file upload_23.cif (mmCIF, C-alpha atoms)
data_upload
loop_
_atom_site.label_atom_id
_atom_site.label_comp_id
_atom_site.auth_asym_id
_atom_site.auth_seq_id
_atom_site.Cartn_x
_atom_site.Cartn_y
_atom_site.Cartn_z
CA MET A 1 -37.95 261.69 38.54
CA VAL A 2 -37.06 262.06 42.18
CA ALA A 3 -33.31 261.92 42.84
CA LYS A 4 -33.34 261.11 46.54
CA PRO A 5 -34.48 257.77 48.00
CA LEU A 6 -38.20 257.50 48.61
CA THR A 7 -39.76 256.83 51.97
CA SER A 8 -42.13 253.87 52.12
CA ARG A 9 -45.08 256.29 51.87
CA GLY A 10 -43.45 258.06 48.93
CA ALA A 11 -42.81 254.76 47.17
CA ALA A 12 -46.42 253.71 47.75
CA THR A 13 -47.67 257.02 46.32
CA ARG A 14 -45.38 256.71 43.32
CA ASP A 15 -46.56 253.13 42.74
CA ARG A 16 -50.22 254.24 42.89
CA ILE A 17 -49.50 256.99 40.36
CA VAL A 18 -47.85 254.50 38.00
CA GLU A 19 -50.69 251.99 38.33
CA VAL A 20 -53.43 254.57 37.77
CA ALA A 21 -51.54 256.41 35.02
CA THR A 22 -50.90 253.16 33.16
CA GLN A 23 -54.63 252.57 32.90
CA GLU A 24 -55.33 256.22 32.09
CA PHE A 25 -52.80 256.31 29.23
CA ALA A 26 -53.86 252.88 27.96
CA GLU A 27 -57.48 254.00 27.79
CA HIS A 28 -57.12 257.62 26.65
CA GLY A 29 -53.70 257.95 25.04
CA ILE A 30 -51.11 260.60 25.73
CA ALA A 31 -53.18 263.58 24.59
CA GLY A 32 -56.41 262.32 26.16
CA ALA A 33 -54.99 261.33 29.54
CA ARG A 34 -55.83 263.79 32.30
CA ILE A 35 -53.52 264.49 35.20
CA GLU A 36 -56.55 265.51 37.28
CA ARG A 37 -58.07 262.01 36.93
CA ILE A 38 -54.74 260.36 37.68
CA VAL A 39 -54.08 262.28 40.90
CA ALA A 40 -57.68 261.93 42.08
CA THR A 41 -57.73 258.17 41.57
CA ALA A 42 -54.19 257.74 42.94
CA ARG A 43 -55.15 259.79 46.03
CA THR A 44 -52.30 262.27 45.61
CA ASN A 45 -51.77 265.73 44.14
CA LYS A 46 -50.20 267.31 41.08
CA ALA A 47 -47.18 268.55 43.01
CA GLN A 48 -46.24 264.99 43.99
CA LEU A 49 -46.84 263.65 40.49
CA TYR A 50 -44.73 266.38 38.92
CA GLY A 51 -42.10 265.95 41.64
CA TYR A 52 -41.72 262.28 40.77
CA PHE A 53 -42.05 262.49 36.98
CA GLY A 54 -41.62 266.10 35.82
CA ASN A 55 -44.57 266.28 33.40
CA LYS A 56 -47.22 264.19 31.66
CA GLU A 57 -44.92 263.23 28.77
CA ALA A 58 -42.20 262.04 31.16
CA LEU A 59 -44.81 260.08 33.14
CA PHE A 60 -45.90 258.31 29.95
CA ASP A 61 -42.26 257.61 29.05
CA ALA A 62 -41.57 256.12 32.48
CA ILE A 63 -44.64 253.90 32.28
CA PHE A 64 -44.06 252.81 28.70
CA THR A 65 -40.38 252.04 29.30
CA ALA A 66 -41.21 250.03 32.42
CA SER A 67 -43.86 248.10 30.49
CA LEU A 68 -41.39 247.28 27.72
CA ASP A 69 -38.78 246.19 30.25
CA ARG A 70 -41.36 244.02 32.00
CA ILE A 71 -42.33 242.17 28.82
CA VAL A 72 -38.67 241.54 27.91
CA ASN A 73 -38.14 240.02 31.36
CA ALA A 74 -41.47 238.18 31.48
CA VAL A 75 -41.23 236.84 27.92
CA PRO A 76 -37.56 236.43 27.00
CA ILE A 77 -36.81 235.52 23.41
CA SER A 78 -35.60 232.02 22.62
CA ALA A 79 -34.38 230.22 19.50
CA ASP A 80 -37.82 228.60 19.34
CA LEU A 81 -39.57 231.62 17.85
CA ALA A 82 -42.88 229.71 17.66
CA ASP A 83 -42.82 229.23 21.42
CA TRP A 84 -41.83 232.86 21.90
CA ALA A 85 -44.82 234.00 19.81
CA VAL A 86 -47.20 231.93 21.94
CA ARG A 87 -45.71 233.29 25.16
CA LEU A 88 -46.16 236.83 23.79
CA TYR A 89 -49.81 236.01 22.96
CA ASP A 90 -50.33 234.87 26.55
CA ASP A 91 -48.67 237.97 27.96
CA TYR A 92 -50.89 240.24 25.85
CA LEU A 93 -53.90 238.50 27.41
CA LEU A 94 -52.58 239.21 30.89
CA ARG A 95 -51.41 242.77 30.19
CA PRO A 96 -53.36 244.31 27.31
CA ASP A 97 -52.31 247.74 28.55
CA LEU A 98 -48.83 247.32 27.02
CA ILE A 99 -50.26 246.88 23.53
CA ARG A 100 -52.54 249.86 24.04
CA LEU A 101 -49.65 252.02 25.28
CA ALA A 102 -47.56 251.01 22.27
CA THR A 103 -50.44 251.83 19.94
CA TRP A 104 -50.93 255.28 21.46
CA SER A 105 -47.20 255.90 21.19
CA ARG A 106 -47.32 254.86 17.53
CA MET A 107 -50.32 257.08 16.75
CA GLU A 108 -49.31 260.13 18.76
CA ARG A 109 -45.52 260.12 18.55
CA ARG A 110 -43.92 257.94 15.89
CA PRO A 111 -46.29 257.11 13.03
CA THR A 112 -43.48 255.64 10.92
CA GLY A 113 -40.14 253.96 11.50
CA PRO A 114 -39.16 252.34 14.77
CA LEU A 115 -41.58 252.66 17.67
CA LEU A 116 -38.82 253.79 20.02
CA ALA A 117 -35.92 256.18 19.64
CA ASP A 118 -33.64 253.58 21.26
CA ALA A 119 -35.05 250.64 19.26
CA ASP A 120 -31.60 249.46 18.15
CA GLN A 121 -30.43 249.20 21.73
CA ARG A 122 -33.68 247.65 23.00
CA ASN A 123 -33.83 245.07 20.21
CA ASP A 124 -30.14 244.19 20.15
CA HIS A 125 -30.43 241.02 22.29
CA LYS A 126 -33.46 239.83 20.28
CA LEU A 127 -31.69 240.40 16.97
CA ARG A 128 -28.59 238.59 18.24
CA ALA A 129 -30.72 235.63 19.38
CA ILE A 130 -32.38 235.43 15.96
CA ALA A 131 -29.05 235.76 14.14
CA GLU A 132 -27.57 233.00 16.30
CA ALA A 133 -30.59 230.77 15.58
CA GLN A 134 -30.13 231.53 11.87
CA ALA A 135 -26.43 230.65 12.06
CA ALA A 136 -27.36 227.37 13.78
CA GLY A 137 -29.80 226.61 10.97
CA GLN A 138 -32.89 226.83 13.21
CA VAL A 139 -34.40 229.98 11.65
CA VAL A 140 -34.77 230.86 7.97
CA PRO A 141 -32.29 233.32 6.44
CA GLY A 142 -33.27 236.95 6.26
CA ASP A 143 -32.83 240.21 8.08
CA PRO A 144 -33.16 239.37 11.81
CA PHE A 145 -35.17 242.58 12.33
CA ASP A 146 -37.70 241.54 9.68
CA VAL A 147 -37.99 238.07 11.21
CA MET A 148 -38.55 239.61 14.65
CA ALA A 149 -41.16 242.05 13.32
CA LEU A 150 -43.01 239.23 11.56
CA VAL A 151 -43.11 236.99 14.63
CA ILE A 152 -44.24 239.83 16.92
CA SER A 153 -46.93 240.84 14.43
CA MET A 154 -48.24 237.29 14.25
CA SER A 155 -48.29 237.08 18.06
CA MET A 156 -50.49 240.20 18.08
CA ALA A 157 -53.12 238.78 15.71
CA TRP A 158 -55.73 238.64 18.50
CA SER A 159 -54.33 241.46 20.66
CA PRO A 160 -56.23 244.59 21.74
CA VAL A 161 -55.11 246.36 18.55
CA SER A 162 -56.29 243.68 16.14
CA ASN A 163 -58.49 245.11 13.41
CA VAL A 164 -60.23 241.74 13.16
CA TYR A 165 -60.78 240.40 16.70
CA ALA A 166 -59.42 241.37 20.12
CA ALA A 167 -59.22 238.41 22.49
CA SER A 168 -59.52 238.66 26.26
CA ALA A 169 -58.38 236.49 29.13
CA ASP A 170 -62.06 235.91 29.99
CA GLU A 171 -62.70 233.81 26.90
CA PRO A 172 -62.92 230.01 27.12
CA GLU A 173 -59.56 228.29 27.41
CA GLU A 174 -60.43 226.17 24.38
CA ASP A 175 -60.39 229.34 22.23
CA HIS A 176 -56.93 230.26 23.52
CA ARG A 177 -55.65 226.71 23.03
CA ARG A 178 -56.86 226.72 19.43
CA ARG A 179 -55.21 230.10 18.74
CA ARG A 180 -51.96 229.06 20.42
CA GLU A 181 -51.75 225.92 18.28
CA LEU A 182 -52.43 227.88 15.09
CA LEU A 183 -49.93 230.59 16.05
CA ARG A 184 -47.24 228.06 16.99
CA ASP A 185 -47.74 226.09 13.78
CA THR A 186 -47.86 229.20 11.57
CA VAL A 187 -44.70 230.77 13.05
CA ARG A 188 -42.93 227.43 12.84
CA ARG A 189 -43.80 227.10 9.15
CA ALA A 190 -43.00 230.75 8.38
CA VAL A 191 -39.63 231.21 10.06
CA MET A 192 -38.37 227.94 11.57
CA THR A 193 -36.41 225.40 9.57
CA SER A 194 -37.58 222.32 11.46
#

call {"tool": "encode", "arguments": {"input": "upload_23.cif", "output": "structure tokens"}}
result
Amino acid sequence: MVAKPLTSRGAATRDRIVEVATQEFAEHGIAGARIERIVATARTNKAQLYGYFGNKEALFDAIFTASLDRIVNAVPISADLADWAVRLYDDYLLRPDLIRLATWSRMERRPTGPLLADADQRNDHKLRAIAEAQAAGQVVPGDPFDVMALVISMSMAWSPVSNVYAASADEPEEDHRRRRELLRDTVRRAVMTS
């Protein structure tokens, strides 16, 4: 990554690279993504891309990390895990690229264990929130990590990586309403105490 402050043109170029590379990685994965397509579509050159990010792997890391940070900020966890699951479902509809990036990372980098090397640090606030909800009697007992994994998995039932059906934002709102109600009710029954 570049160490000195970017000019407005440099920032715009970097933003174009990130936007184009996000779609490239989401569609083709880490191995299948092509720097040539990214720089052509982003209207830049390899030297600038490598100057900002170092290499293709570091570019993927920067994009994936930013996507994870965005979802944590856009969909913060709450003690109402049923509501959190529904908000995750909605976010996946708006940004299916995050799920695709996570899937490529799982397939190409970490086929088992945690998805991220810093998973403990990234999940700490979620695990604390679940543990606090458990202590308050709002969430069933159990390992907070397992509860979190279960709720996230249920929220992804209709995501782009579903092996049954991948929903899209273009579908009728009635379909989404029906899924949200089922998801909310199912998570509530599975992990909530009331």

call {"tool": "resolve_selection", "arguments": {"input": "upload_23.cif", "expression": "the PyMOL selection byres ((chain A and resi 154) around 9)", "output": "JSON list (two decimals) with C-alpha atoms, in the frame of the given file"}}
result
[["chain", "number", "residue", "atom", "x", "y", "z"],
["A", 85, "ALA", "CA", -44.82, 234.00, 19.81],
["A", 89, "TYR", "CA", -49.81, 236.01, 22.96],
["A", 149, "ALA", "CA", -41.16, 242.05, 13.32],
["A", 150, "LEU", "CA", -43.01, 239.23, 11.56],
["A", 151, "VAL", "CA", -43.11, 236.99, 14.63],
["A", 152, "ILE", "CA", -44.24, 239.83, 16.92],
["A", 153, "SER", "CA", -46.93, 240.84, 14.43],
["A", 155, "SER", "CA", -48.29, 237.08, 18.06],
["A", 156, "MET", "CA", -50.49, 240.20, 18.08],
["A", 157, "ALA", "CA", -53.12, 238.78, 15.71],
["A", 158, "TRP", "CA", -55.73, 238.64, 18.50],
["A", 183, "LEU", "CA", -49.93, 230.59, 16.05],
["A", 186, "THR", "CA", -47.86, 229.20, 11.57],
["A", 187, "VAL", "CA", -44.70, 230.77, 13.05]]

call {"tool": "closest_residue", "arguments": {"input": "upload_23.cif", "among": "A:Arg180, A:Ile77, A:Leu49, A:Ala167", "to": "Leu127 (chain A)", "atoms": "only C-alpha atoms"}}
result
A:Ile77

call {"tool": "atom_distance", "arguments": {"input": "upload_23.cif", "atom1": "CA of Arg70 (chain A)", "atom2": "CA of Phe53 (chain A)"}}
result
19.1 Å

call {"tool": "atom_distance", "arguments": {"input": "upload_23.cif", "atom1": "CA of Ser8 (chain A)", "atom2": "CA of Arg34 (chain A)"}}
result
26.1 Å

call {"tool": "resolve_selection", "arguments": {"input": "upload_23.cif", "expression": "the PyMOL selection byres ((chain A and resi 65) around 12)", "output": "list in words"}}
result
Val18, Thr22, Ala58, Leu59, Phe60, Asp61, Ala62, Ile63, Phe64, Ala66, Ser67, Leu68, Asp69, Arg70, Ile71, Val72, Leu98, Leu101, Ala102, Ser105, Leu115, Leu116, Ala117, Asp118, Ala119 and Arg122 of chain A

call {"tool": "residues_around", "arguments": {"input": "upload_23.cif", "residues": "Ala169 (chain A)", "least_positions_apart": "4", "cutoff": "12 Å", "atoms": "only C-alpha atoms", "output": "list in words"}}
result
Tyr89, Asp90, Asp91, Tyr92, Leu93, Leu94, Arg95, Pro96, Trp158, Ser159, Pro160, Glu173, Glu174, Asp175, His176 and Arg177 of chain A

call {"tool": "write_last_selection", "arguments": {"input": "upload_23.cif", "atoms": "C-alpha atoms", "output": "PDB file, in the coordinates of the input"}}
result
ATOM      1  CA  TYR A  89     -49.810 236.010  22.960  1.00  0.00           C
ATOM      2  CA  ASP A  90     -50.330 234.870  26.550  1.00  0.00           C
ATOM      3  CA  ASP A  91     -48.670 237.970  27.960  1.00  0.00           C
ATOM      4  CA  TYR A  92     -50.890 240.240  25.850  1.00  0.00           C
ATOM      5  CA  LEU A  93     -53.900 238.500  27.410  1.00  0.00           C
ATOM      6  CA  LEU A  94     -52.580 239.210  30.890  1.00  0.00           C
ATOM      7  CA  ARG A  95     -51.410 242.770  30.190  1.00  0.00           C
ATOM      8  CA  PRO A  96     -53.360 244.310  27.310  1.00  0.00           C
ATOM      9  CA  TRP A 158     -55.730 238.640  18.500  1.00  0.00           C
ATOM     10  CA  SER A 159     -54.330 241.460  20.660  1.00  0.00           C
ATOM     11  CA  PRO A 160     -56.230 244.590  21.740  1.00  0.00           C
ATOM     12  CA  GLU A 173     -59.560 228.290  27.410  1.00  0.00           C
ATOM     13  CA  GLU A 174     -60.430 226.170  24.380  1.00  0.00           C
ATOM     14  CA  ASP A 175     -60.390 229.340  22.230  1.00  0.00           C
ATOM     15  CA  HIS A 176     -56.930 230.260  23.520  1.00  0.00           C
ATOM     16  CA  ARG A 177     -55.650 226.710  23.030  1.00  0.00           C
TER      17      ARG A 177
END

call {"tool": "resolve_selection", "arguments": {"input": "upload_23.cif", "expression": "the PyMOL selection byres ((chain A and resi 27) around 12)", "output": "PyMOL selection string"}}
result
chain A and resi 20-26+28-34+96-104+160

call {"tool": "residues_around", "arguments": {"input": "upload_23.cif", "residues": "region 44-48 of chain A", "least_positions_apart": "4", "cutoff": "10 Å", "atoms": "all atoms listed in the file", "output": "VMD selection string"}}
result
chain A and resid 2 10 13 to 14 16 to 17 35 to 36 38 to 40 52 to 55

call {"tool": "atom_distance", "arguments": {"input": "upload_23.cif", "atom1": "CA of Asp146 (chain A)", "atom2": "CA of Met107 (chain A)"}}
result
21.2 Å

call {"tool": "closest_residue", "arguments": {"input": "upload_23.cif", "among": "A:Ala131, A:Ala12, A:Asp185, A:Ser194", "to": "Asp83 (chain A)", "atoms": "only C-alpha atoms"}}
result
A:Asp185

call {"tool": "closest_residue", "arguments": {"input": "upload_23.cif", "among": "A:Val191, A:Leu88, A:Asn163, A:Pro172", "to": "Pro76 (chain A)", "atoms": "all atoms listed in the file"}}
result
A:Leu88

call {"tool": "decode", "arguments": {"input": "upload_23.cif", "residues": "region 156-180 of chain A", "atoms": "N, CA and C atoms", "output": "mmCIF file, in the first residue's frame"}}
result
data_model
loop_
_atom_site.group_PDB
_atom_site.id
_atom_site.type_symbol
_atom_site.label_atom_id
_atom_site.label_comp_id
_atom_site.auth_asym_id
_atom_site.auth_seq_id
_atom_site.Cartn_x
_atom_site.Cartn_y
_atom_site.Cartn_z
ATOM 1 N N MET A 156 -27.388 -17.025 5.679
ATOM 2 C CA MET A 156 -26.866 -17.231 4.330
ATOM 3 C C MET A 156 -27.650 -18.279 3.536
ATOM 4 N N ALA A 157 -28.773 -18.736 4.057
ATOM 5 C CA ALA A 157 -29.532 -19.807 3.410
ATOM 6 C C ALA A 157 -29.875 -19.504 1.960
ATOM 7 N N TRP A 158 -30.119 -18.239 1.633
ATOM 8 C CA TRP A 158 -30.487 -17.862 0.260
ATOM 9 C C TRP A 158 -29.414 -16.975 -0.371
ATOM 10 N N SER A 159 -28.211 -17.017 0.157
ATOM 11 C CA SER A 159 -27.131 -16.158 -0.339
ATOM 12 C C SER A 159 -26.561 -16.700 -1.648
ATOM 13 N N PRO A 160 -25.640 -15.961 -2.260
ATOM 14 C CA PRO A 160 -25.038 -16.415 -3.519
ATOM 15 C C PRO A 160 -24.308 -17.750 -3.440
ATOM 16 N N VAL A 161 -24.005 -18.238 -2.243
ATOM 17 C CA VAL A 161 -23.307 -19.523 -2.125
ATOM 18 C C VAL A 161 -24.234 -20.653 -1.702
ATOM 19 N N SER A 162 -25.529 -20.390 -1.669
ATOM 20 C CA SER A 162 -26.475 -21.437 -1.308
ATOM 21 C C SER A 162 -26.409 -22.562 -2.333
ATOM 22 N N ASN A 163 -26.418 -23.798 -1.850
ATOM 23 C CA ASN A 163 -26.443 -24.914 -2.793
ATOM 24 C C ASN A 163 -27.872 -25.323 -3.120
ATOM 25 N N VAL A 164 -28.837 -24.524 -2.651
ATOM 26 C CA VAL A 164 -30.239 -24.796 -2.942
ATOM 27 C C VAL A 164 -30.833 -23.704 -3.819
ATOM 28 N N TYR A 165 -30.700 -22.422 -3.383
ATOM 29 C CA TYR A 165 -31.298 -21.313 -4.129
ATOM 30 C C TYR A 165 -30.595 -20.017 -3.758
ATOM 31 N N ALA A 166 -30.120 -19.292 -4.734
ATOM 32 C CA ALA A 166 -29.477 -17.999 -4.498
ATOM 33 C C ALA A 166 -30.459 -16.881 -4.844
ATOM 34 N N ALA A 167 -30.834 -16.123 -3.843
ATOM 35 C CA ALA A 167 -31.775 -15.015 -4.032
ATOM 36 C C ALA A 167 -31.059 -13.807 -4.615
ATOM 37 N N SER A 168 -31.834 -12.902 -5.184
ATOM 38 C CA SER A 168 -31.278 -11.643 -5.677
ATOM 39 C C SER A 168 -32.196 -10.498 -5.270
ATOM 40 N N ALA A 169 -31.639 -9.319 -5.243
ATOM 41 C CA ALA A 169 -32.413 -8.133 -4.870
ATOM 42 C C ALA A 169 -33.525 -7.850 -5.875
ATOM 43 N N ASP A 170 -33.443 -8.419 -7.063
ATOM 44 C CA ASP A 170 -34.434 -8.175 -8.109
ATOM 45 C C ASP A 170 -35.717 -8.976 -7.936
ATOM 46 N N GLU A 171 -35.745 -9.897 -7.012
ATOM 47 C CA GLU A 171 -36.932 -10.725 -6.811
ATOM 48 C C GLU A 171 -38.045 -9.910 -6.164
ATOM 49 N N PRO A 172 -39.273 -10.382 -6.255
ATOM 50 C CA PRO A 172 -40.394 -9.659 -5.645
ATOM 51 C C PRO A 172 -40.206 -9.499 -4.136
ATOM 52 N N GLU A 173 -40.583 -8.356 -3.632
ATOM 53 C CA GLU A 173 -40.447 -8.070 -2.206
ATOM 54 C C GLU A 173 -41.193 -9.092 -1.356
ATOM 55 N N GLU A 174 -42.281 -9.611 -1.861
ATOM 56 C CA GLU A 174 -43.043 -10.620 -1.118
ATOM 57 C C GLU A 174 -42.181 -11.851 -0.828
ATOM 58 N N ASP A 175 -41.322 -12.241 -1.771
ATOM 59 C CA ASP A 175 -40.421 -13.375 -1.537
ATOM 60 C C ASP A 175 -39.455 -13.073 -0.397
ATOM 61 N N HIS A 176 -38.904 -11.866 -0.404
ATOM 62 C CA HIS A 176 -37.964 -11.477 0.649
ATOM 63 C C HIS A 176 -38.676 -11.373 2.003
ATOM 64 N N ARG A 177 -39.868 -10.831 2.014
ATOM 65 C CA ARG A 177 -40.636 -10.726 3.251
ATOM 66 C C ARG A 177 -40.881 -12.106 3.852
ATOM 67 N N ARG A 178 -41.278 -13.045 3.000
ATOM 68 C CA ARG A 178 -41.541 -14.409 3.449
ATOM 69 C C ARG A 178 -40.276 -15.050 4.022
ATOM 70 N N ARG A 179 -39.140 -14.876 3.355
ATOM 71 C CA ARG A 179 -37.870 -15.432 3.837
ATOM 72 C C ARG A 179 -37.435 -14.773 5.142
ATOM 73 N N ARG A 180 -37.581 -13.454 5.215
ATOM 74 C CA ARG A 180 -37.209 -12.746 6.446
ATOM 75 C C ARG A 180 -38.011 -13.270 7.634
#
